[in-house]
$ cat work01.csv   # CSV, C-alpha atoms
chain,number,residue,atom,x,y,z
A,804,MET,CA,53.5,-7.5,49.5
A,805,ARG,CA,53.0,-4.2,47.7
A,806,SER,CA,51.4,-1.3,49.6
A,807,LEU,CA,48.0,0.0,48.5
A,808,ALA,CA,49.7,3.3,47.4
A,809,ASN,CA,52.1,1.4,45.2
A,810,THR,CA,49.3,-0.7,43.7
A,811,LEU,CA,47.3,2.4,42.9
A,812,ALA,CA,50.2,4.1,41.4
A,813,LEU,CA,50.9,1.1,39.1
A,814,LEU,CA,47.2,0.8,38.2
A,815,LYS,CA,47.1,4.5,37.3
A,816,GLN,CA,50.3,4.2,35.2
A,817,PHE,CA,48.8,1.2,33.4
A,818,ARG,CA,45.6,3.0,32.7
A,819,THR,CA,47.5,6.0,31.4
A,820,ASN,CA,49.6,3.9,29.0
A,821,GLN,CA,47.0,1.2,28.0
A,822,ALA,CA,43.4,2.3,28.6
A,823,ALA,CA,42.9,3.9,25.1
A,824,PRO,CA,45.0,2.3,22.5
A,825,ARG,CA,45.7,4.5,19.4
A,826,GLY,CA,42.7,4.5,17.2
A,827,GLU,CA,40.2,3.3,19.9
A,828,SER,CA,37.5,5.7,20.8
A,829,LEU,CA,35.2,5.9,23.8
A,830,LEU,CA,32.6,7.9,21.8
A,831,ALA,CA,29.3,6.7,20.4
A,832,PRO,CA,27.4,8.1,17.4
A,833,PHE,CA,24.9,10.8,18.3
A,834,GLU,CA,22.2,11.0,15.7
A,835,ALA,CA,18.6,12.3,15.1
A,836,PHE,CA,19.1,15.6,16.8
A,837,GLY,CA,17.1,17.9,14.5
A,838,SER,CA,17.0,19.5,11.1
A,839,ASN,CA,20.8,20.0,11.2
A,840,PRO,CA,21.1,22.9,8.8
A,841,GLY,CA,24.9,23.0,9.3
A,842,GLU,CA,25.2,19.4,8.2
A,843,LEU,CA,27.4,18.5,11.1
A,844,GLU,CA,28.0,15.1,12.8
A,845,ALA,CA,28.2,14.4,16.5
A,846,ARG,CA,29.6,11.9,19.0
A,847,VAL,CA,28.7,11.4,22.7
A,848,HIS,CA,30.1,9.7,25.8
A,849,VAL,CA,27.7,8.8,28.6
A,850,PRO,CA,29.6,7.2,31.5
A,851,SER,CA,28.3,3.9,32.9
A,852,THR,CA,27.9,5.8,36.2
A,853,VAL,CA,26.4,9.3,36.2
A,854,VAL,CA,25.2,11.6,38.9
A,855,PRO,CA,21.5,12.4,38.9
A,856,ARG,CA,20.7,15.2,36.4
A,857,PRO,CA,24.3,15.3,35.1
A,858,ALA,CA,26.2,18.2,33.7
A,859,LEU,CA,26.8,18.4,30.0
A,860,VAL,CA,30.1,19.5,28.5
A,861,VAL,CA,30.2,20.3,24.7
A,862,VAL,CA,33.6,19.9,23.2
A,863,LEU,CA,34.7,21.3,19.8
A,864,HIS,CA,37.8,19.9,18.1
A,865,GLY,CA,40.3,22.0,16.1
A,866,CYS,CA,41.2,21.9,12.4
A,867,THR,CA,42.4,18.6,11.0
A,868,GLN,CA,41.0,16.9,14.1
A,869,THR,CA,38.0,14.7,14.7
A,870,ALA,CA,35.9,14.2,17.8
A,871,ALA,CA,37.7,11.0,18.6
A,872,THR,CA,41.2,12.3,18.2
A,873,TYR,CA,40.5,15.4,20.3
A,874,ASP,CA,38.9,13.3,22.9
A,875,THR,CA,41.8,10.9,23.1
A,876,GLY,CA,44.2,13.9,23.2
A,877,SER,CA,42.3,15.9,25.8
A,878,GLY,CA,40.9,13.0,28.0
A,879,TRP,CA,37.5,14.5,28.4
A,880,SER,CA,35.7,11.2,28.3
A,881,LYS,CA,38.0,9.6,30.9
A,882,LEU,CA,37.4,12.6,33.1
A,883,ALA,CA,33.6,12.2,32.6
A,884,ASP,CA,33.9,8.5,33.6
A,885,ASP,CA,35.5,9.6,36.9
A,886,HIS,CA,33.1,12.4,37.7
A,887,GLY,CA,29.7,11.4,36.2
A,888,PHE,CA,29.0,14.0,33.6
A,889,VAL,CA,28.1,13.7,29.9
A,890,VAL,CA,30.3,14.8,27.0
A,891,LEU,CA,29.0,15.8,23.6
A,892,PHE,CA,31.3,16.2,20.6
A,893,PRO,CA,30.0,18.1,17.5
A,894,GLN,CA,32.1,17.0,14.5
A,895,GLN,CA,32.9,18.9,11.3
A,896,THR,CA,32.7,17.1,7.9
A,897,ARG,CA,35.0,17.5,4.9
A,898,SER,CA,32.1,18.4,2.7
A,899,ASN,CA,31.7,21.5,4.9
A,900,ASN,CA,35.4,22.3,5.4
A,901,ALA,CA,38.2,20.4,3.7
A,902,ASN,CA,40.4,20.9,6.8
A,903,LEU,CA,37.7,19.9,9.3
A,904,CYS,CA,37.6,23.4,10.7
A,905,PHE,CA,34.3,24.7,12.2
A,906,ASN,CA,33.3,27.6,10.0
A,907,TRP,CA,33.6,30.3,12.7
A,908,PHE,CA,34.0,33.0,10.0
A,909,GLN,CA,31.1,32.2,7.7
A,910,PRO,CA,28.1,34.5,8.3
A,911,ASN,CA,25.5,31.7,7.6
A,912,ASP,CA,27.1,29.5,10.2
A,913,ILE,CA,27.6,31.9,13.1
A,914,ALA,CA,24.2,33.6,13.4
A,915,ARG,CA,21.6,32.5,16.0
A,916,GLY,CA,19.1,30.2,14.3
A,917,ARG,CA,21.3,29.4,11.3
A,918,GLY,CA,23.9,26.9,10.0
A,919,GLU,CA,26.4,25.2,12.2
A,920,ALA,CA,25.4,27.3,15.3
A,921,LEU,CA,21.8,26.0,15.0
A,922,SER,CA,23.0,22.4,14.5
A,923,ILE,CA,25.1,22.5,17.7
A,924,TYR,CA,22.2,24.1,19.6
A,925,GLN,CA,19.9,21.3,18.3
A,926,MET,CA,22.4,18.7,19.5
A,927,ILE,CA,22.4,20.3,23.0
A,928,VAL,CA,18.7,20.4,23.3
A,929,THR,CA,18.4,16.8,22.2
A,930,ALA,CA,21.1,15.7,24.6
A,931,GLU,CA,19.4,17.5,27.5
A,932,ALA,CA,16.2,15.5,26.8
A,933,ARG,CA,17.8,12.2,26.0
A,934,TYR,CA,20.1,12.0,29.0
A,935,GLY,CA,18.2,14.0,31.6
A,936,ILE,CA,20.8,16.8,31.7
A,937,ASP,CA,20.5,19.6,34.2
A,938,ALA,CA,20.0,22.5,31.9
A,939,SER,CA,21.6,24.9,34.4
A,940,ARG,CA,24.9,23.0,34.0
A,941,VAL,CA,25.7,23.0,30.3
A,942,TYR,CA,29.2,24.1,29.4
A,943,ILE,CA,31.2,24.4,26.2
A,944,THR,CA,34.9,24.4,25.3
A,945,GLY,CA,37.0,24.1,22.1
A,946,LEU,CA,40.4,24.5,20.5
A,947,SER,CA,41.4,27.0,17.8
A,948,ALA,CA,38.6,27.0,15.2
A,949,GLY,CA,36.7,24.9,17.8
A,950,GLY,CA,37.5,27.6,20.4
A,951,ALA,CA,36.3,30.3,18.0
A,952,MET,CA,33.1,28.3,17.4
A,953,ALA,CA,32.7,27.9,21.2
A,954,ASN,CA,32.7,31.6,21.4
A,955,VAL,CA,30.1,31.8,18.6
A,956,MET,CA,27.8,29.5,20.7
A,957,LEU,CA,28.4,31.5,23.9
A,958,ALA,CA,27.6,34.7,22.0
A,959,THR,CA,24.5,33.5,20.0
A,960,TYR,CA,23.0,31.2,22.7
A,961,PRO,CA,24.2,32.7,26.0
A,962,GLU,CA,21.1,31.5,27.9
A,963,VAL,CA,22.1,27.9,27.2
A,964,PHE,CA,25.5,27.9,28.9
A,965,ALA,CA,26.6,28.4,32.5
A,966,GLY,CA,30.2,28.7,31.3
A,967,GLY,CA,32.7,28.3,28.5
A,968,ALA,CA,36.4,27.8,28.0
A,969,ILE,CA,38.0,29.1,24.8
A,970,ILE,CA,41.5,27.6,23.9
A,971,ALA,CA,43.5,29.5,21.3
A,972,GLY,CA,40.3,30.9,19.9
A,973,LEU,CA,39.1,34.2,18.5
A,974,PRO,CA,36.6,36.9,19.3
A,975,TYR,CA,33.1,36.6,18.0
A,976,GLY,CA,32.1,38.3,14.7
A,977,THR,CA,35.4,39.7,13.6
A,978,ALA,CA,35.8,37.8,10.3
A,979,TYR,CA,33.4,36.9,7.5
A,980,THR,CA,35.7,35.6,4.8
A,981,ILE,CA,38.7,33.3,4.7
A,982,PRO,CA,41.2,36.2,4.1
A,983,GLN,CA,39.7,38.1,7.1
A,984,ALA,CA,40.0,34.9,9.2
A,985,PHE,CA,43.7,34.6,8.5
A,986,ASP,CA,44.2,38.3,9.3
A,987,ARG,CA,42.4,38.0,12.6
A,988,MET,CA,44.4,34.9,13.5
A,989,ARG,CA,47.5,37.1,13.1
A,990,ALA,CA,45.8,39.9,15.0
A,991,HIS,CA,45.6,42.2,12.0
A,992,GLY,CA,42.7,44.5,11.7
A,993,MET,CA,41.2,43.7,15.1
A,994,PRO,CA,38.2,45.9,15.9
A,995,ASP,CA,38.5,48.2,19.0
A,996,GLY,CA,37.1,47.2,22.3
A,997,LYS,CA,33.8,49.0,22.0
A,998,SER,CA,33.2,47.4,18.5
A,999,LEU,CA,34.0,44.0,19.9
A,1000,GLN,CA,31.5,44.4,22.7
A,1001,ASN,CA,28.8,45.6,20.3
A,1002,LEU,CA,29.4,42.6,18.1
A,1003,LEU,CA,28.7,40.4,21.1
A,1004,ARG,CA,25.7,42.3,22.3
A,1005,SER,CA,24.1,42.1,18.8
A,1006,ALA,CA,24.5,38.3,18.5
A,1007,SER,CA,21.4,37.6,20.6
A,1008,LYS,CA,18.6,39.5,22.4
A,1009,SER,CA,19.7,38.1,25.8
A,1010,LYS,CA,19.6,40.4,28.8
A,1011,GLY,CA,21.5,37.9,30.9
A,1012,PRO,CA,22.4,36.1,33.0
A,1013,TRP,CA,25.6,35.6,31.0
A,1014,PRO,CA,28.0,32.6,31.0
A,1015,SER,CA,31.3,32.8,32.8
A,1016,ILE,CA,34.2,32.7,30.4
A,1017,SER,CA,37.8,31.4,30.7
A,1018,VAL,CA,40.4,31.9,27.9
A,1019,TRP,CA,43.5,29.8,27.4
A,1020,GLN,CA,46.5,30.8,25.3
A,1021,GLY,CA,50.1,29.8,24.8
A,1022,THR,CA,52.5,32.7,24.8
A,1023,GLN,CA,54.5,31.2,21.8
A,1024,ASP,CA,51.4,30.5,19.6
A,1025,THR,CA,52.4,31.5,16.1
A,1026,THR,CA,49.1,30.2,14.6
A,1027,VAL,CA,46.6,32.3,16.6
A,1028,ASN,CA,48.3,35.4,17.9
A,1029,SER,CA,47.9,35.8,21.7
A,1030,ALA,CA,46.4,39.3,21.1
A,1031,ASN,CA,43.2,37.3,20.3
A,1032,ALA,CA,43.0,36.1,23.9
A,1033,ASP,CA,43.1,39.7,25.2
A,1034,ALA,CA,40.5,40.7,22.6
A,1035,ILE,CA,38.1,37.9,23.8
A,1036,VAL,CA,38.5,39.0,27.4
A,1037,GLU,CA,37.8,42.6,26.3
A,1038,GLN,CA,34.8,41.5,24.3
A,1039,TRP,CA,33.2,39.9,27.3
A,1040,GLN,CA,34.2,42.5,29.9
A,1041,GLY,CA,31.5,44.9,28.6
A,1042,ILE,CA,28.9,42.2,29.1
A,1043,HIS,CA,30.0,41.2,32.6
A,1044,GLN,CA,30.9,44.8,33.7
A,1045,THR,CA,33.9,43.5,35.6
A,1046,ARG,CA,36.4,45.5,37.4
A,1047,ALA,CA,39.1,46.9,35.1
A,1048,SER,CA,42.1,45.4,37.1
A,1049,PRO,CA,42.4,41.6,37.3
A,1050,ARG,CA,43.7,39.6,40.2
A,1051,ALA,CA,46.9,37.7,39.2
A,1052,ASP,CA,47.6,34.1,40.4
A,1053,GLN,CA,50.4,31.7,39.4
A,1054,PRO,CA,49.1,28.3,40.3
A,1055,ARG,CA,51.9,26.6,38.2
A,1056,SER,CA,55.4,27.8,37.3
A,1057,ARG,CA,54.4,27.9,33.6
A,1058,LEU,CA,50.8,29.1,34.1
A,1059,GLU,CA,49.7,32.6,34.8
A,1060,ARG,CA,46.0,33.1,35.7
A,1061,LEU,CA,44.3,36.5,35.6
A,1062,VAL,CA,40.8,36.8,37.1
A,1063,TRP,CA,38.2,39.6,36.6
A,1064,VAL,CA,35.4,39.8,39.1
A,1065,ASP,CA,32.0,41.6,39.0
A,1066,ALA,CA,30.7,44.1,41.5
A,1067,ASP,CA,29.7,41.3,43.8
A,1068,GLY,CA,33.2,39.8,43.8
A,1069,THR,CA,32.1,36.8,41.7
A,1070,GLU,CA,34.7,35.5,39.1
A,1071,ARG,CA,33.3,36.1,35.7
A,1072,LEU,CA,36.4,36.1,33.4
A,1073,GLN,CA,39.6,34.1,33.6
A,1074,LEU,CA,42.7,34.3,31.3
A,1075,TYR,CA,45.2,31.5,31.5
A,1076,ARG,CA,48.5,32.1,29.8
A,1077,VAL,CA,50.8,29.1,29.4
A,1078,LYS,CA,54.4,30.3,29.2
A,1079,GLY,CA,56.4,29.0,26.2
A,1080,MET,CA,53.5,27.0,24.8
A,1081,GLY,CA,52.7,27.0,21.1
A,1082,HIS,CA,49.3,26.4,19.4
A,1083,GLY,CA,47.3,23.6,21.0
A,1084,THR,CA,45.5,22.3,24.1
A,1085,PRO,CA,47.7,22.1,27.2
A,1086,ILE,CA,47.6,18.6,28.7
A,1087,ASP,CA,49.4,16.7,31.4
A,1088,VAL,CA,49.9,13.0,30.4
A,1089,LYS,CA,50.9,12.1,34.0
A,1090,SER,CA,47.4,13.1,35.2
A,1091,GLY,CA,46.0,10.1,33.3
A,1092,TYR,CA,43.9,12.4,31.1
A,1093,GLY,CA,45.0,12.9,27.6
A,1094,ARG,CA,47.7,11.9,25.2
A,1095,ALA,CA,50.3,14.0,23.4
A,1096,GLY,CA,49.9,14.5,19.7
A,1097,PRO,CA,49.5,17.2,17.1
A,1098,TYR,CA,48.0,20.3,18.9
A,1099,MET,CA,47.8,18.3,22.1
A,1100,LEU,CA,50.8,19.7,24.0
A,1101,ASP,CA,52.1,17.9,27.1
A,1102,VAL,CA,53.2,20.9,29.2
A,1103,GLY,CA,52.5,19.4,32.6
A,1104,ILE,CA,49.2,21.3,32.9
A,1105,SER,CA,45.9,19.6,32.3
A,1106,SER,CA,43.6,22.2,30.9
A,1107,THR,CA,40.9,19.6,30.8
A,1108,GLU,CA,40.9,19.2,34.6
A,1109,GLU,CA,41.4,22.9,35.2
A,1110,ILE,CA,38.4,23.8,33.0
A,1111,ALA,CA,36.2,21.1,34.5
A,1112,ARG,CA,37.2,22.4,38.0
A,1113,SER,CA,36.3,26.0,37.0
A,1114,PHE,CA,32.9,24.7,35.7
A,1115,GLY,CA,32.3,23.1,39.1
A,1116,ILE,CA,31.7,19.6,37.8
A,1117,LEU,CA,34.5,17.7,39.6
A,1118,ALA,CA,33.9,15.6,42.6
A,1119,PRO,CA,34.3,17.7,45.8
A,1120,ALA,CA,37.7,16.3,46.9
A,1121,LEU,CA,39.3,17.4,43.6
A,1122,ASN,CA,37.2,20.6,43.3
A,1123,HIS,CA,38.6,21.9,46.5
A,1124,ALA,CA,42.2,21.4,45.5
A,1125,SER,CA,42.7,24.5,43.4
A,1126,HIS,CA,41.0,27.8,42.7
A,1127,GLY,CA,37.3,27.2,43.3
A,1128,ALA,CA,35.2,26.5,46.4
A,1129,ASN,CA,34.2,23.0,47.3
A,1130,ILE,CA,31.0,22.1,45.4
A,1131,ASP,CA,28.4,19.6,46.7
A,1132,VAL,CA,27.8,16.9,44.1
A,1133,PRO,CA,25.0,14.3,44.3
A,1134,ALA,CA,26.0,10.7,45.0
A,1135,PRO,CA,26.5,8.8,41.7
A,1136,ILE,CA,23.9,6.3,40.4
A,1137,SER,CA,24.4,3.6,37.9
A,1138,SER,CA,22.9,4.2,34.5
A,1139,SER,CA,23.1,0.5,33.6
A,1140,ASN,CA,20.6,-0.9,36.1
A,1141,GLY,CA,17.7,0.0,38.4
A,1142,ASP,CA,19.5,0.0,41.7
A,1143,SER,CA,18.7,2.7,44.2
A,1144,PRO,CA,21.2,5.6,44.5
A,1145,ARG,CA,24.2,4.6,46.7
A,1146,GLN,CA,25.7,7.1,49.1
A,1147,ALA,CA,29.4,7.8,48.3
A,1148,GLY,CA,31.8,6.7,51.0
A,1149,PRO,CA,35.4,7.6,51.8
A,1150,THR,CA,36.6,4.5,49.9
A,1151,ASP,CA,34.8,5.3,46.7
A,1152,GLY,CA,37.7,7.1,45.1
A,1153,ILE,CA,40.0,4.1,45.7
A,1154,ARG,CA,37.4,1.6,44.5
A,1155,ARG,CA,36.7,3.6,41.3
A,1156,THR,CA,40.4,4.0,40.5
A,1157,ILE,CA,41.0,0.2,40.8
A,1158,GLU,CA,37.8,-0.6,38.8
A,1159,ASP,CA,38.8,1.8,36.1
A,1160,ALA,CA,42.2,0.2,35.8
A,1161,LEU,CA,40.8,-3.3,35.8
A,1162,ARG,CA,38.3,-2.3,33.0
A,1163,ALA,CA,41.1,-0.8,31.0
A,1164,ALA,CA,43.0,-4.1,31.3
A,1165,GLY,CA,40.0,-6.1,30.2
A,1166,LEU,CA,39.7,-7.8,33.6
A,1167,MET,CA,36.4,-6.3,34.6
A,1168,ARG,CA,33.3,-5.3,32.7

$ encode --input "work01.csv" --output "structure tokens"
Amino acid sequence: MRSLANTLALLKQFRTNQAAPRGESLLAPFEAFGSNPGELEARVHVPSTVVPRPALVVVLHGCTQTAATYDTGSGWSKLADDHGFVVLFPQQTRSNNANLCFNWFQPNDIARGRGEALSIYQMIVTAEARYGIDASRVYITGLSAGGAMANVMLATYPEVFAGGAIIAGLPYGTAYTIPQAFDRMRAHGMPDGKSLQNLLRSASKSKGPWPSISVWQGTQDTTVNSANADAIVEQWQGIHQTRASPRADQPRSRLERLVWVDADGTERLQLYRVKGMGHGTPIDVKSGYGRAGPYMLDVGISSTEEIARSFGILAPALNHASHGANIDVPAPISSSNGDSPRQAGPTDGIRRTIEDALRAAGLMR
């Protein structure tokens, strides 16, 4: 008879290989979210089991990608299923941008109260009301043009977000035309640190508190020069008034992590450098979250899990495993019936792993 450990390992492997066949999406349409001046679309994933007043993670895809392809590659919806938060995916349209890039360099789309930035804000406000989101636990992340647009949202609506994670993105407000955008991607003509900070401060009238920021960058990225990651950190350092010298960690052999803390010793900025990685989102297929593909790079590091952990939205057992402190999370409740909340027990992790695998196999609803 197989041991429980072997059974769980086989179920996890089956789930990794079979749970989301190519072309299948876990996302549902998200509509009727406001005037939508940026003419964007949106998708959403609400797990069948969510915690009370769940967190919301807004995920922005990169160029040539869609919400569904980025979700399949990154594994955000599967992670949400395991930890009970809601995921919202704004989606670009070809009528706005032929390459499906968010227009992070268009003045009309990156100002507070205008264009694509306002559309994404309207999506968030609608999702908060529709799904009972805890407004103090709203986060945003994105890749490349999506990473640059995530920085746009963090700059123009800082009061909305508790934190953000920018993957291979760019500083806010440094380009206003397509030629300028390409120059900044190559790190040509980058404004100095003081100018970068002034651009950020002028994006909103906020006086704080400000969202915590993490920046992810491959050291061999030839699409978005790694100098952009340093510029993003410098842009936000003035806002957070962090200590000049960061603390350096090396949680993985290929991963370097630099941390800047404020006067109280609280982590406010993080820079993750993935050694030898090109342009894309770092994933770890063995984790069960994500699938390798264009700009989804299997480097044995799941940025999806690491980012969620830095946001503090993973279940306590996983949240304790790496950099952050253990976070108390409410017991999950089912969103599909009226049962009373059930206290989580020590066997819940095993039960959920087995049930997830059985659902993936079509053996359980």

$ atom_distance --input "work01.csv" --atom1 "atom CA of Gln1000 of chain A" --atom2 "atom CA of Glu1037 of chain A"
7.5 Å

$ residues_around --input "work01.csv" --residues "Met988 of chain A" --least-positions-apart "5" --cutoff "7 Å" --atoms "only C-alpha atoms" --output "number ranges by chain"
A: 1026-1028

$ atom_distance --input "work01.csv" --atom1 "atom CA of Glu844 of chain A" --atom2 "atom CA of Gly935 of chain A"
21.2 Å

$ atom_distance --input "work01.csv" --atom1 "atom CA of Thr867 of chain A" --atom2 "atom CA of Glu834 of chain A"
22.1 Å

$ closest_residue --input "work01.csv" --among "A:Ser898, A:Ser939, A:Gln1053, A:Gln1044" --to "Arg1071 of chain A" --atoms "all atoms listed in the file"
A:Gln1044

$ residues_around --input "work01.csv" --residues "Gly865 of chain A" --least-positions-apart "4" --cutoff "7 Å" --atoms "all atoms listed in the file" --output "list of chain:residue names"
A:Cys904, A:Leu946, A:Ser947, A:Ala948, A:Gly949

$ closest_residue --input "work01.csv" --among "A:Val963, A:Ala871, A:Ala845, A:Ala932" --to "Ser828 of chain A" --atoms "all atoms listed in the file"
A:Ala871
